[in-house]
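**Q** Sharing final-v7.txt below, compact mmCIF, C-alpha atoms and all ligand atoms:
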# COMPACT_ATOMS: atom_id res chain seq x y z
CA MET A 102 9.78 -25.60 -3.32
CA ASP A 103 12.56 -26.44 -0.85
CA GLY A 104 12.73 -25.14 2.67
CA THR A 105 15.70 -22.85 2.20
CA PRO A 106 15.10 -20.06 4.69
CA PHE A 107 14.64 -16.51 3.54
CA PRO A 108 17.44 -14.12 4.63
CA LYS A 109 17.89 -13.57 8.39
CA GLY A 110 15.80 -10.59 9.43
CA PHE A 111 13.45 -10.86 6.44
CA LEU A 112 10.25 -8.95 7.24
CA TRP A 113 6.90 -10.70 7.00
CA GLY A 114 3.60 -8.99 7.67
CA PRO A 115 0.26 -7.63 6.48
CA ALA A 116 -0.67 -4.07 5.57
CA THR A 117 -3.60 -1.74 6.04
CA ALA A 118 -4.30 1.93 5.38
CA ALA A 119 -5.93 4.33 7.83
CA HIS A 120 -8.92 5.31 5.72
CA GLN A 121 -9.65 1.73 4.74
CA VAL A 122 -9.76 0.31 8.27
CA GLU A 123 -9.94 3.01 10.98
CA GLY A 124 -13.47 4.38 10.50
CA GLY A 125 -14.79 7.92 10.84
CA ASN A 126 -12.09 9.57 8.70
CA TRP A 127 -14.38 12.45 7.70
CA ASN A 128 -11.91 15.31 7.34
CA ASN A 129 -10.27 14.20 4.09
CA ASP A 130 -10.98 14.26 0.36
CA TRP A 131 -12.07 10.64 0.19
CA TRP A 132 -14.88 11.01 2.75
CA ALA A 133 -16.21 13.92 0.67
CA TRP A 134 -15.76 11.88 -2.53
CA GLU A 135 -17.65 8.92 -1.12
CA HIS A 136 -20.64 11.21 -0.42
CA ASP A 137 -20.51 13.00 -3.78
CA PRO A 138 -23.31 11.68 -6.00
CA ALA A 139 -21.12 12.45 -9.05
CA SER A 140 -18.38 10.05 -7.93
CA SER A 141 -18.38 6.33 -8.76
CA CYS A 142 -18.07 5.27 -5.12
CA VAL A 143 -20.46 2.37 -4.44
CA GLU A 144 -20.68 3.09 -0.69
CA PRO A 145 -19.10 5.26 2.02
CA SER A 146 -16.29 4.01 4.28
CA GLY A 147 -18.28 4.74 7.45
CA ASP A 148 -16.97 2.87 10.49
CA ALA A 149 -14.72 0.70 8.31
CA CYS A 150 -13.20 -1.96 10.63
CA ASP A 151 -13.09 0.33 13.70
CA HIS A 152 -9.32 -0.23 13.70
CA TYR A 153 -8.84 3.19 15.27
CA HIS A 154 -10.18 1.63 18.48
CA GLN A 155 -9.38 -2.07 17.90
CA TYR A 156 -5.77 -1.64 16.71
CA ARG A 157 -4.25 -3.27 19.82
CA GLU A 158 -6.26 -6.49 19.45
CA ASP A 159 -5.55 -6.53 15.71
CA ILE A 160 -1.80 -6.09 16.21
CA GLU A 161 -1.76 -8.82 18.86
CA LEU A 162 -3.60 -11.11 16.43
CA ILE A 163 -1.06 -10.32 13.68
CA ALA A 164 1.79 -11.17 16.06
CA ASP A 165 0.08 -14.36 17.30
CA LEU A 166 -0.27 -15.58 13.71
CA GLY A 167 3.54 -15.45 13.34
CA PHE A 168 4.23 -12.16 11.55
CA ASN A 169 7.16 -9.94 12.59
CA MET A 170 5.99 -6.73 10.88
CA TYR A 171 2.85 -4.63 10.39
CA ARG A 172 2.54 -1.84 7.81
CA PHE A 173 -0.09 0.79 8.49
CA SER A 174 -0.67 4.42 7.55
CA LEU A 175 -1.15 7.65 9.50
CA GLU A 176 -4.12 9.88 8.68
CA TRP A 177 -2.81 13.36 7.91
CA SER A 178 -6.26 14.92 8.38
CA ARG A 179 -6.39 13.62 11.97
CA ILE A 180 -2.86 14.85 12.73
CA GLU A 181 -3.29 18.27 11.05
CA PRO A 182 -7.07 18.88 10.86
CA GLU A 183 -6.54 22.49 9.86
CA GLU A 184 -3.46 24.14 8.37
CA GLY A 185 -0.76 24.48 11.00
CA GLU A 186 -3.03 23.10 13.74
CA PHE A 187 -1.45 19.81 14.88
CA SER A 188 -3.31 17.40 17.14
CA LYS A 189 -1.24 16.00 19.98
CA ALA A 190 -4.04 13.54 20.70
CA ALA A 191 -3.80 12.12 17.16
CA LEU A 192 -0.01 11.94 17.31
CA ASP A 193 -0.27 10.22 20.69
CA HIS A 194 -2.72 7.72 19.19
CA TYR A 195 -0.26 6.72 16.49
CA ALA A 196 2.55 6.62 19.04
CA ARG A 197 0.42 4.11 20.97
CA MET A 198 -0.02 2.06 17.79
CA VAL A 199 3.75 1.98 17.27
CA GLY A 200 4.17 1.05 20.93
CA ALA A 201 1.62 -1.75 20.59
CA CYS A 202 3.63 -3.15 17.67
CA ARG A 203 6.85 -3.06 19.68
CA GLU A 204 5.15 -4.68 22.71
CA ALA A 205 3.90 -7.46 20.42
CA GLY A 206 7.35 -7.96 18.85
CA VAL A 207 6.19 -6.62 15.49
CA GLU A 208 8.17 -4.05 13.45
CA PRO A 209 5.91 -1.08 12.65
CA ILE A 210 6.31 0.21 9.10
CA VAL A 211 4.48 3.51 8.86
CA THR A 212 3.15 5.17 5.70
CA LEU A 213 2.77 8.95 5.93
CA HIS A 214 0.27 9.34 3.07
CA HIS A 215 -1.98 6.55 1.80
CA PHE A 216 -4.36 8.04 -0.79
CA THR A 217 -6.18 10.47 1.55
CA THR A 218 -5.48 14.20 1.74
CA PRO A 219 -6.89 16.70 4.27
CA ARG A 220 -9.78 18.78 2.94
CA TRP A 221 -7.87 22.04 3.68
CA VAL A 222 -5.00 20.86 1.45
CA THR A 223 -7.35 20.09 -1.43
CA GLU A 224 -8.89 23.55 -0.97
CA GLN A 225 -5.38 24.98 -1.66
CA GLY A 226 -5.03 23.02 -4.93
CA GLY A 227 -4.19 19.55 -3.68
CA TRP A 228 -1.43 17.59 -5.45
CA ALA A 229 -1.58 19.67 -8.64
CA ALA A 230 -0.29 22.63 -6.59
CA ALA A 231 3.49 22.66 -6.15
CA THR A 232 3.12 24.21 -2.69
CA THR A 233 1.62 20.99 -1.36
CA ALA A 234 5.12 19.48 -1.29
CA HIS A 235 6.04 22.04 1.38
CA LEU A 236 2.86 21.33 3.37
CA PHE A 237 3.62 17.60 3.25
CA GLY A 238 7.21 18.18 4.35
CA ARG A 239 6.02 20.14 7.38
CA TYR A 240 3.55 17.37 8.27
CA ALA A 241 6.37 14.80 7.97
CA GLU A 242 8.52 16.91 10.30
CA ARG A 243 5.82 16.92 13.00
CA VAL A 244 5.28 13.16 12.70
CA MET A 245 8.98 12.31 12.84
CA ALA A 246 9.46 14.67 15.78
CA ALA A 247 6.72 12.80 17.63
CA ILE A 248 7.44 9.15 16.76
CA GLY A 249 10.52 9.06 14.53
CA ASP A 250 12.74 7.67 17.29
CA GLN A 251 10.58 4.51 17.37
CA LEU A 252 10.66 3.87 13.61
CA GLN A 253 13.19 2.16 11.35
CA LEU A 254 11.37 2.09 8.00
CA VAL A 255 8.98 4.84 6.82
CA CYS A 256 7.03 4.87 3.56
CA THR A 257 6.65 8.48 2.44
CA ILE A 258 3.77 8.25 -0.04
CA ASN A 259 1.72 5.21 -1.03
CA GLU A 260 1.34 4.85 -4.77
CA PRO A 261 1.75 8.47 -5.83
CA ASN A 262 1.32 7.19 -9.37
CA VAL A 263 -2.16 5.89 -8.64
CA VAL A 264 -3.28 9.05 -6.83
CA ALA A 265 -1.94 11.29 -9.63
CA THR A 266 -3.27 9.19 -12.52
CA MET A 267 -6.63 8.13 -11.02
CA GLY A 268 -7.27 11.58 -9.54
CA TYR A 269 -6.06 13.90 -12.30
CA LEU A 270 -6.17 11.85 -15.54
CA VAL A 271 -8.71 9.04 -15.22
CA GLY A 272 -10.99 10.89 -12.79
CA LEU A 273 -12.09 7.86 -10.73
CA PHE A 274 -10.38 9.19 -7.57
CA PRO A 275 -10.69 12.68 -6.07
CA PRO A 276 -10.52 15.38 -7.37
CA GLY A 277 -11.98 13.64 -10.45
CA GLU A 278 -10.01 15.55 -13.10
CA GLN A 279 -9.10 14.27 -16.59
CA ASP A 280 -6.15 16.31 -17.82
CA TYR A 281 -2.64 15.17 -18.82
CA SER A 282 -0.99 18.41 -17.75
CA ARG A 283 -2.61 18.25 -14.31
CA ARG A 284 -1.46 14.63 -13.94
CA ALA A 285 2.05 15.73 -14.86
CA ALA A 286 1.88 18.52 -12.28
CA ALA A 287 0.68 16.09 -9.63
CA ASN A 288 3.49 13.66 -10.50
CA GLN A 289 6.02 16.42 -9.95
CA THR A 290 4.49 17.60 -6.67
CA PHE A 291 4.50 14.03 -5.36
CA ILE A 292 8.16 13.62 -6.34
CA ASP A 293 9.08 16.89 -4.62
CA ALA A 294 7.05 15.93 -1.54
CA HIS A 295 8.71 12.52 -1.44
CA HIS A 296 12.22 13.97 -1.63
CA ARG A 297 11.43 16.46 1.13
CA ALA A 298 10.06 13.69 3.34
CA VAL A 299 13.13 11.50 2.70
CA GLU A 300 15.33 14.29 4.11
CA VAL A 301 13.08 14.62 7.16
CA ILE A 302 12.88 10.86 7.81
CA ARG A 303 16.64 10.38 7.49
CA ALA A 304 17.28 13.32 9.80
CA ALA A 305 15.20 11.48 12.40
CA GLY A 306 17.37 8.37 11.97
CA ALA A 307 15.00 6.16 9.98
CA LYS A 308 15.12 4.80 6.42
CA ALA A 309 12.78 6.12 3.72
CA GLY A 310 11.16 5.02 0.49
CA LEU A 311 8.06 5.57 -1.58
CA THR A 312 5.72 2.71 -2.48
CA LEU A 313 4.85 2.26 -6.14
CA ALA A 314 1.97 0.47 -7.81
CA MET A 315 3.69 -1.66 -10.44
CA SER A 316 2.52 -4.12 -13.05
CA GLN A 317 4.18 -6.78 -15.19
CA TRP A 318 3.80 -5.02 -18.54
CA VAL A 319 3.25 -7.48 -21.41
CA THR A 320 3.81 -5.96 -24.83
CA MET A 321 1.56 -7.55 -27.43
CA ASP A 322 2.44 -7.26 -31.14
CA GLY A 323 2.87 -3.61 -32.08
CA GLY A 324 2.30 -2.42 -28.54
CA GLU A 325 5.79 -1.06 -27.88
CA ASP A 326 4.90 2.63 -28.23
CA ALA A 327 1.72 2.20 -26.21
CA VAL A 328 3.62 0.53 -23.36
CA ALA A 329 6.15 3.36 -23.28
CA ALA A 330 3.37 5.96 -23.29
CA LEU A 331 1.54 4.27 -20.41
CA ARG A 332 4.44 3.07 -18.28
CA GLY A 333 6.65 6.16 -18.60
CA PRO A 334 4.57 8.70 -16.63
CA TYR A 335 3.04 5.98 -14.42
CA GLU A 336 6.04 3.95 -13.21
CA ASP A 337 9.33 5.10 -14.79
CA VAL A 338 9.27 8.68 -13.49
CA PHE A 339 8.86 7.42 -9.93
CA LEU A 340 11.46 4.67 -10.26
CA ALA A 341 13.88 7.37 -11.41
CA ALA A 342 12.87 9.57 -8.48
CA ALA A 343 13.52 6.66 -6.09
CA ARG A 344 17.19 6.32 -7.10
CA GLY A 345 19.29 6.90 -4.00
CA ASP A 346 16.46 6.11 -1.59
CA ASP A 347 16.90 3.62 1.25
CA PHE A 348 14.31 1.22 -0.21
CA ILE A 349 11.69 1.08 -2.96
CA GLY A 350 8.26 -0.22 -1.97
CA VAL A 351 6.95 -2.53 -4.69
CA GLN A 352 3.17 -3.06 -4.83
CA THR A 353 2.08 -5.59 -7.40
CA TYR A 354 -1.14 -7.46 -8.04
CA THR A 355 -1.24 -8.54 -11.66
CA ARG A 356 0.10 -8.06 -15.18
CA THR A 357 -1.03 -5.55 -17.83
CA ARG A 358 -1.24 -6.56 -21.49
CA VAL A 359 -0.81 -3.71 -23.96
CA GLY A 360 -1.47 -3.73 -27.70
CA PRO A 361 -1.07 -0.99 -30.36
CA ALA A 362 -4.29 0.70 -29.22
CA GLY A 363 -3.37 0.59 -25.52
CA GLN A 364 -4.25 -1.51 -22.50
CA LEU A 365 -6.06 -4.79 -23.16
CA GLY A 366 -8.44 -6.51 -20.78
CA PRO A 367 -7.94 -9.95 -19.23
CA GLU A 368 -6.82 -12.67 -21.65
CA GLU A 369 -9.55 -15.10 -22.71
CA GLY A 370 -9.57 -18.09 -20.39
CA VAL A 371 -7.40 -16.51 -17.67
CA GLU A 372 -8.95 -16.55 -14.18
CA THR A 373 -9.91 -13.10 -12.90
CA THR A 374 -10.31 -11.73 -9.37
CA LEU A 375 -13.04 -9.68 -7.64
CA MET A 376 -11.20 -6.58 -8.91
CA GLY A 377 -11.38 -7.80 -12.52
CA TYR A 378 -7.58 -8.30 -12.55
CA GLU A 379 -6.04 -11.43 -14.05
CA PHE A 380 -5.02 -13.94 -11.36
CA TRP A 381 -1.28 -13.53 -12.08
CA PRO A 382 1.00 -13.87 -9.00
CA GLU A 383 4.11 -14.21 -11.17
CA ALA A 384 3.84 -10.47 -11.80
CA LEU A 385 5.49 -9.88 -8.42
CA GLU A 386 8.84 -11.39 -9.44
CA ALA A 387 8.82 -9.39 -12.68
CA THR A 388 8.24 -6.10 -10.88
CA VAL A 389 10.70 -6.82 -8.06
CA ARG A 390 13.40 -7.44 -10.64
CA ARG A 391 12.43 -4.34 -12.63
CA ALA A 392 12.42 -2.06 -9.58
CA TRP A 393 15.84 -3.39 -8.56
CA ALA A 394 17.24 -2.74 -12.04
CA GLU A 395 15.55 0.60 -12.78
CA THR A 396 16.49 2.20 -9.44
CA GLY A 397 20.12 1.16 -9.73
CA HIS A 398 19.83 -1.53 -7.05
CA VAL A 399 17.91 0.26 -4.32
CA PRO A 400 16.82 -2.44 -1.83
CA VAL A 401 13.28 -3.69 -2.51
CA LEU A 402 10.61 -3.92 0.18
CA ILE A 403 7.48 -5.61 -1.12
CA THR A 404 4.93 -3.34 0.54
CA GLU A 405 1.79 -4.80 -1.06
CA ASN A 406 0.93 -8.06 -2.76
CA GLY A 407 -2.36 -9.89 -2.55
CA VAL A 408 -5.57 -10.88 -4.26
CA ALA A 409 -9.27 -10.12 -3.98
CA VAL A 410 -10.95 -13.53 -3.97
CA ALA A 411 -13.91 -15.06 -2.15
CA ASP A 412 -12.30 -18.54 -2.18
CA ASP A 413 -9.48 -18.29 0.38
CA ALA A 414 -7.72 -21.34 -1.11
CA ARG A 415 -7.01 -19.17 -4.17
CA ARG A 416 -5.34 -16.62 -1.88
CA ILE A 417 -2.97 -19.29 -0.54
CA GLU A 418 -2.06 -20.44 -4.04
CA TYR A 419 -1.56 -16.84 -5.16
CA ALA A 420 0.78 -16.05 -2.24
CA GLN A 421 2.69 -19.31 -2.63
CA ARG A 422 3.37 -18.68 -6.32
CA ALA A 423 4.27 -15.05 -5.61
CA LEU A 424 6.73 -16.12 -2.91
CA ARG A 425 8.40 -18.57 -5.28
CA GLY A 426 9.26 -15.57 -7.44
CA VAL A 427 10.54 -13.63 -4.45
CA ARG A 428 12.81 -16.53 -3.51
CA ASP A 429 14.09 -16.80 -7.11
CA SER A 430 14.82 -13.06 -7.10
CA LEU A 431 16.72 -13.40 -3.81
CA ASN A 432 18.68 -16.34 -5.21
CA ASP A 433 19.71 -14.11 -8.13
CA GLY A 434 21.04 -11.45 -5.80
CA VAL A 435 18.12 -9.03 -5.57
CA ASP A 436 18.14 -7.41 -2.12
CA VAL A 437 14.56 -7.98 -0.96
CA LEU A 438 13.95 -6.74 2.59
CA GLY A 439 10.52 -8.23 3.18
CA TYR A 440 7.10 -9.30 1.99
CA THR A 441 3.96 -7.42 2.98
CA HIS A 442 0.64 -9.01 2.16
CA TRP A 443 -2.34 -6.80 1.30
CA SER A 444 -4.29 -6.91 3.49
CA ALA A 445 -4.52 -7.78 7.18
CA LEU A 446 -8.29 -7.21 7.18
CA ASP A 447 -11.06 -7.27 4.62
CA ASN A 448 -11.56 -3.52 4.28
CA PHE A 449 -12.83 -0.50 2.32
CA GLU A 450 -11.56 -0.90 -1.23
CA TRP A 451 -11.96 2.74 -2.24
CA VAL A 452 -14.38 3.24 -5.12
CA PHE A 453 -15.41 -0.42 -4.94
CA GLY A 454 -16.45 -0.32 -1.29
CA TYR A 455 -16.41 -3.47 0.83
CA GLY A 456 -17.07 -5.96 -1.99
CA PRO A 457 -13.52 -6.95 -2.99
CA THR A 458 -12.06 -8.94 -0.08
CA PHE A 459 -8.24 -8.91 0.23
CA GLY A 460 -7.92 -9.76 3.91
CA LEU A 461 -6.10 -12.56 5.68
CA ILE A 462 -8.69 -11.86 8.37
CA ALA A 463 -12.41 -11.50 7.69
CA VAL A 464 -14.39 -8.75 9.46
CA ASP A 465 -18.11 -8.81 10.28
CA ARG A 466 -18.66 -5.06 9.96
CA PHE A 467 -21.88 -5.16 11.99
CA THR A 468 -20.29 -6.82 15.01
CA GLN A 469 -16.65 -5.92 14.10
CA GLN A 470 -15.82 -9.55 14.89
CA ARG A 471 -12.54 -10.75 13.34
CA THR A 472 -12.24 -14.28 11.86
CA VAL A 473 -8.82 -15.48 10.74
CA LYS A 474 -8.92 -17.14 7.32
CA PRO A 475 -6.84 -20.28 6.54
CA SER A 476 -4.60 -18.04 4.39
CA GLY A 477 -3.79 -15.94 7.47
CA ARG A 478 -2.75 -19.03 9.41
CA TRP A 479 -0.78 -20.46 6.47
CA LEU A 480 1.14 -17.26 5.69
CA GLY A 481 1.71 -16.64 9.40
CA GLU A 482 3.39 -20.05 9.71
CA VAL A 483 5.57 -19.34 6.66
CA ALA A 484 6.55 -16.10 8.40
CA ARG A 485 7.12 -17.73 11.81
CA TYR A 486 9.69 -20.10 10.33
CA ASN A 487 11.02 -17.60 7.76
CA GLY A 488 10.18 -19.97 4.95
CA SER A 489 12.45 -22.69 6.39
CA ARG A 490 9.56 -25.19 6.48
CA GLY A 491 8.85 -24.50 2.80
CA ILE A 492 5.97 -22.61 1.28
CA GLU A 493 4.06 -25.56 -0.15
CA LEU A 494 0.32 -25.60 -0.10
CA PRO A 495 -0.94 -26.87 3.29
C1 LIG B 501 -3.45 0.24 -3.65
C2 LIG B 501 -3.67 0.68 -2.33
C3 LIG B 501 -4.51 -0.20 -1.46
C4 LIG B 501 -5.53 -1.06 -2.19
C5 LIG B 501 -4.92 -2.37 -2.65
C6 LIG B 501 -5.93 -3.24 -3.34
O1 LIG B 501 -2.39 -0.34 -3.87
O2 LIG B 501 -4.30 0.52 -4.49
O3 LIG B 501 -2.42 0.83 -1.68
O4 LIG B 501 -5.12 0.75 -0.66
O5 LIG B 501 -6.58 -1.36 -1.31
O6 LIG B 501 -3.91 -2.14 -3.58
O7 LIG B 501 -6.40 -2.61 -4.50
If you convert what's in this file into structure tokens, what do you get?
**A**
Amino acid sequence: MDGTPFPKGFLWGPATAAHQVEGGNWNNDWWAWEHDPASSCVEPSGDACDHYHQYREDIELIADLGFNMYRFSLEWSRIEPEEGEFSKAALDHYARMVGACREAGVEPIVTLHHFTTPRWVTEQGGWAAATTAHLFGRYAERVMAAIGDQLQLVCTINEPNVVATMGYLVGLFPPGEQDYSRRAAANQTFIDAHHRAVEVIRAAGAKAGLTLAMSQWVTMDGGEDAVAALRGPYEDVFLAAARGDDFIGVQTYTRTRVGPAGQLGPEEGVETTLMGYEFWPEALEATVRRAWAETGHVPVLITENGVAVADDARRIEYAQRALRGVRDSLNDGVDVLGYTHWSALDNFEWVFGYGPTFGLIAVDRFTQQRTVKPSGRWLGEVARYNGSRGIELP
């Protein structure tokens, strides 16, 4: 892989999400879900990585490693703990986080909703209720009024497709429903909420996009109809909704093989990760190209890519192969704005708890001590030199 630099201004950084790293996020649906014996959660999020208090040190560490960007989310239930009751203290906290990024020379990319929803919203019907789009729009207005002047890129909703499908069809996420019509309703509410937030974000002078969980769909013999049935309401509806946006956030981890009877498991002999996914970094290029095509050439911001492995050397290989595909996409004219690695810290992986480790930085959750992994140093150096020193294995 030659040392041709990535485009000038290309963004390089890690990502986190409030509920997965902050700690003490009790006023949302996930905290309740984690403590519901009927859910499949293996453990509660608890103190997580205490990022709510250690964010400054973490951001300084991210900058020191060589990154020029940090993507993190705001916790709606902290900002609006009860309907119409907005916390200035919470908004000031996130303003300080944005300020800490700027002081460290790191571009803050903020996500307004990353899986978690305030309890009071779920009590009014959550994402299957059309009115939630209005509630989300009002929340976005308060956030952009408070910190919008310090932001350039804002992600409206993280993986609406995952929240709708896992929460209303599969039932693994809150509210644990299993109904196609409710999933369809949630899809529509998320799309309406996203469009409202785009208006609000643009009015504040920033650029907006949703982030979408995508997969490289591999159609096995006779699987064409099954792929269409799965991918249509999971990816295509949101790619269509993203047409005209300022960017599309692509979040890719692996491929999905589909046969006539539906989704197949990992292929025999293919390495798998701690999440049970196939180790398949080439999926990123496939999804970047598909998002670019399906949105009618909306600029692509890779907002999540990474791998849950215990052997950090596998994480370096994964990222290196993924970045080869990003560079090939750029060389073919795809407008890719940046690469965000999931995740900055080993953190709370939702239903799976703290077992699957995605971080570039390890966290001892008893002492909250951070330890940078070789992958964090390697990717930070790629970022520092914008790929101009190559992306070969160290
Ligand atoms: C997602 C979420 C992240 C996950 C990550 C690893 O994409 O599911 O945005 O919160 O932790 O993807 O599964």
**Q** Which residues are close to A:Tyr195, i.e. within 12 Å by only C-alpha atoms, leaving aside same-chain residues fewer than 4 positions away? Reply as JSON, numbers by chain.
**A** {"A": [119, 123, 152, 153, 154, 156, 157, 173, 174, 175, 176, 177, 179, 180, 188, 189, 190, 191, 199, 200, 201, 202, 209, 210, 211, 212, 213, 244, 245, 247, 248, 249, 251, 252]}
**Q** Next, write the just-selected residues to a file, as a PDB file, keeping the file's coordinate frame, keeping C-alpha atoms as the atom set.
**A**
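result03.pdb was written with the following content:
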ATOM      1  CA  ALA A 119      -5.930   4.330   7.830  1.00  0.00           C
ATOM      2  CA  GLU A 123      -9.940   3.010  10.980  1.00  0.00           C
ATOM      3  CA  HIS A 152      -9.320  -0.230  13.700  1.00  0.00           C
ATOM      4  CA  TYR A 153      -8.840   3.190  15.270  1.00  0.00           C
ATOM      5  CA  HIS A 154     -10.180   1.630  18.480  1.00  0.00           C
ATOM      6  CA  TYR A 156      -5.770  -1.640  16.710  1.00  0.00           C
ATOM      7  CA  ARG A 157      -4.250  -3.270  19.820  1.00  0.00           C
ATOM      8  CA  PHE A 173      -0.090   0.790   8.490  1.00  0.00           C
ATOM      9  CA  SER A 174      -0.670   4.420   7.550  1.00  0.00           C
ATOM     10  CA  LEU A 175      -1.150   7.650   9.500  1.00  0.00           C
ATOM     11  CA  GLU A 176      -4.120   9.880   8.680  1.00  0.00           C
ATOM     12  CA  TRP A 177      -2.810  13.360   7.910  1.00  0.00           C
ATOM     13  CA  ARG A 179      -6.390  13.620  11.970  1.00  0.00           C
ATOM     14  CA  ILE A 180      -2.860  14.850  12.730  1.00  0.00           C
ATOM     15  CA  SER A 188      -3.310  17.400  17.140  1.00  0.00           C
ATOM     16  CA  LYS A 189      -1.240  16.000  19.980  1.00  0.00           C
ATOM     17  CA  ALA A 190      -4.040  13.540  20.700  1.00  0.00           C
ATOM     18  CA  ALA A 191      -3.800  12.120  17.160  1.00  0.00           C
ATOM     19  CA  VAL A 199       3.750   1.980  17.270  1.00  0.00           C
ATOM     20  CA  GLY A 200       4.170   1.050  20.930  1.00  0.00           C
ATOM     21  CA  ALA A 201       1.620  -1.750  20.590  1.00  0.00           C
ATOM     22  CA  CYS A 202       3.630  -3.150  17.670  1.00  0.00           C
ATOM     23  CA  PRO A 209       5.910  -1.080  12.650  1.00  0.00           C
ATOM     24  CA  ILE A 210       6.310   0.210   9.100  1.00  0.00           C
ATOM     25  CA  VAL A 211       4.480   3.510   8.860  1.00  0.00           C
ATOM     26  CA  THR A 212       3.150   5.170   5.700  1.00  0.00           C
ATOM     27  CA  LEU A 213       2.770   8.950   5.930  1.00  0.00           C
ATOM     28  CA  VAL A 244       5.280  13.160  12.700  1.00  0.00           C
ATOM     29  CA  MET A 245       8.980  12.310  12.840  1.00  0.00           C
ATOM     30  CA  ALA A 247       6.720  12.800  17.630  1.00  0.00           C
ATOM     31  CA  ILE A 248       7.440   9.150  16.760  1.00  0.00           C
ATOM     32  CA  GLY A 249      10.520   9.060  14.530  1.00  0.00           C
ATOM     33  CA  GLN A 251      10.580   4.510  17.370  1.00  0.00           C
ATOM     34  CA  LEU A 252      10.660   3.870  13.610  1.00  0.00           C
TER      35      LEU A 252
END
**Q** One number please: atom CA of A:Tyr354 to atom CA of A:Asp322, in Å, one decimal.
**A**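 If I compute the distance from atom CA of A:Tyr354 to atom CA of A:Asp322, I get 23.4 Å.
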**Q** Please find the residues contacting ligand LIG 501 (chain B) at a distance of at most 7 Å between atoms, with only C-alpha atoms and all ligand atoms counted, and report them as a ChimeraX atom specification.
**A** /A:118,215,259-260,314,352,405,443,450-451
**Q** Closest to A:Gly488 among A:Gln421, A:Thr458, A:Ser140, A:Thr441, using all atoms listed in the file?
**A**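 Among the listed residues, the smallest separation from A:Gly488 belongs to A:Gln421.
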**Q** Could you check which of A:Thr468, A:Thr388, A:Ser476, A:Thr232 is closest to A:Val437, using all atoms listed in the file?
**A**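 Closest residue, counting all atoms listed in the file: A:Thr388.
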**Q** I'd like the interatomic distance between atom CA of A:Asp346 and atom CA of A:Arg422, to a tenth of an Å.
**A**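 Taking atom CA of A:Asp346 as the start and atom CA of A:Arg422 as the end point, the length is 28.4 Å.
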**Q** Quick one: residues within 10 Å of (12.8, 22.0, 1.4) (file frame), counting all atoms listed in the file, please, as an MDAnalysis selection string.
**A** chainID A and resid 234:235 238:239 293:294 296:298 300:301
**Q** Give me the residues within 9 Å of stretch 127-136 of chain A as an mmCIF file with C-alpha atoms, in the coordinates of the input, counting all atoms listed in the file and dropping any in the same chain fewer than 4 places off.
**A**
data_model
loop_
_atom_site.group_PDB
_atom_site.id
_atom_site.type_symbol
_atom_site.label_atom_id
_atom_site.label_comp_id
_atom_site.auth_asym_id
_atom_site.auth_seq_id
_atom_site.Cartn_x
_atom_site.Cartn_y
_atom_site.Cartn_z
ATOM 1 C CA HIS A 120 -8.920 5.310 5.720
ATOM 2 C CA SER A 140 -18.380 10.050 -7.930
ATOM 3 C CA SER A 141 -18.380 6.330 -8.760
ATOM 4 C CA CYS A 142 -18.070 5.270 -5.120
ATOM 5 C CA VAL A 143 -20.460 2.370 -4.440
ATOM 6 C CA GLU A 144 -20.680 3.090 -0.690
ATOM 7 C CA PRO A 145 -19.100 5.260 2.020
ATOM 8 C CA SER A 146 -16.290 4.010 4.280
ATOM 9 C CA GLY A 147 -18.280 4.740 7.450
ATOM 10 C CA GLU A 176 -4.120 9.880 8.680
ATOM 11 C CA TRP A 177 -2.810 13.360 7.910
ATOM 12 C CA SER A 178 -6.260 14.920 8.380
ATOM 13 C CA ARG A 179 -6.390 13.620 11.970
ATOM 14 C CA PRO A 182 -7.070 18.880 10.860
ATOM 15 C CA PHE A 216 -4.360 8.040 -0.790
ATOM 16 C CA THR A 217 -6.180 10.470 1.550
ATOM 17 C CA THR A 218 -5.480 14.200 1.740
ATOM 18 C CA PRO A 219 -6.890 16.700 4.270
ATOM 19 C CA ARG A 220 -9.780 18.780 2.940
ATOM 20 C CA TRP A 221 -7.870 22.040 3.680
ATOM 21 C CA VAL A 222 -5.000 20.860 1.450
ATOM 22 C CA THR A 223 -7.350 20.090 -1.430
ATOM 23 C CA PHE A 274 -10.380 9.190 -7.570
ATOM 24 C CA PRO A 275 -10.690 12.680 -6.070
ATOM 25 C CA PRO A 276 -10.520 15.380 -7.370
ATOM 26 C CA GLY A 277 -11.980 13.640 -10.450
ATOM 27 C CA TRP A 451 -11.960 2.740 -2.240
ATOM 28 C CA VAL A 452 -14.380 3.240 -5.120
#
**Q** Stretch 103-115 of chain A from the block above, C-alpha atoms, as an mmCIF file, in the first residue's frame, please?
**A**
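Now in out_30.cif:
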data_model
loop_
_atom_site.group_PDB
_atom_site.id
_atom_site.type_symbol
_atom_site.label_atom_id
_atom_site.label_comp_id
_atom_site.auth_asym_id
_atom_site.auth_seq_id
_atom_site.Cartn_x
_atom_site.Cartn_y
_atom_site.Cartn_z
ATOM 1 C CA ASP A 103 1.736 3.206 -1.107
ATOM 2 C CA GLY A 104 1.953 6.325 0.988
ATOM 3 C CA THR A 105 -0.368 8.471 -1.094
ATOM 4 C CA PRO A 106 -1.908 10.836 1.426
ATOM 5 C CA PHE A 107 -5.621 10.844 2.050
ATOM 6 C CA PRO A 108 -7.399 14.068 0.985
ATOM 7 C CA LYS A 109 -6.396 17.283 2.788
ATOM 8 C CA GLY A 110 -8.685 17.760 5.772
ATOM 9 C CA PHE A 111 -9.609 14.068 5.968
ATOM 10 C CA LEU A 112 -11.002 13.363 9.452
ATOM 11 C CA TRP A 113 -9.461 10.634 11.580
ATOM 12 C CA GLY A 114 -10.726 9.711 15.015
ATOM 13 C CA PRO A 115 -12.404 7.277 17.394
#
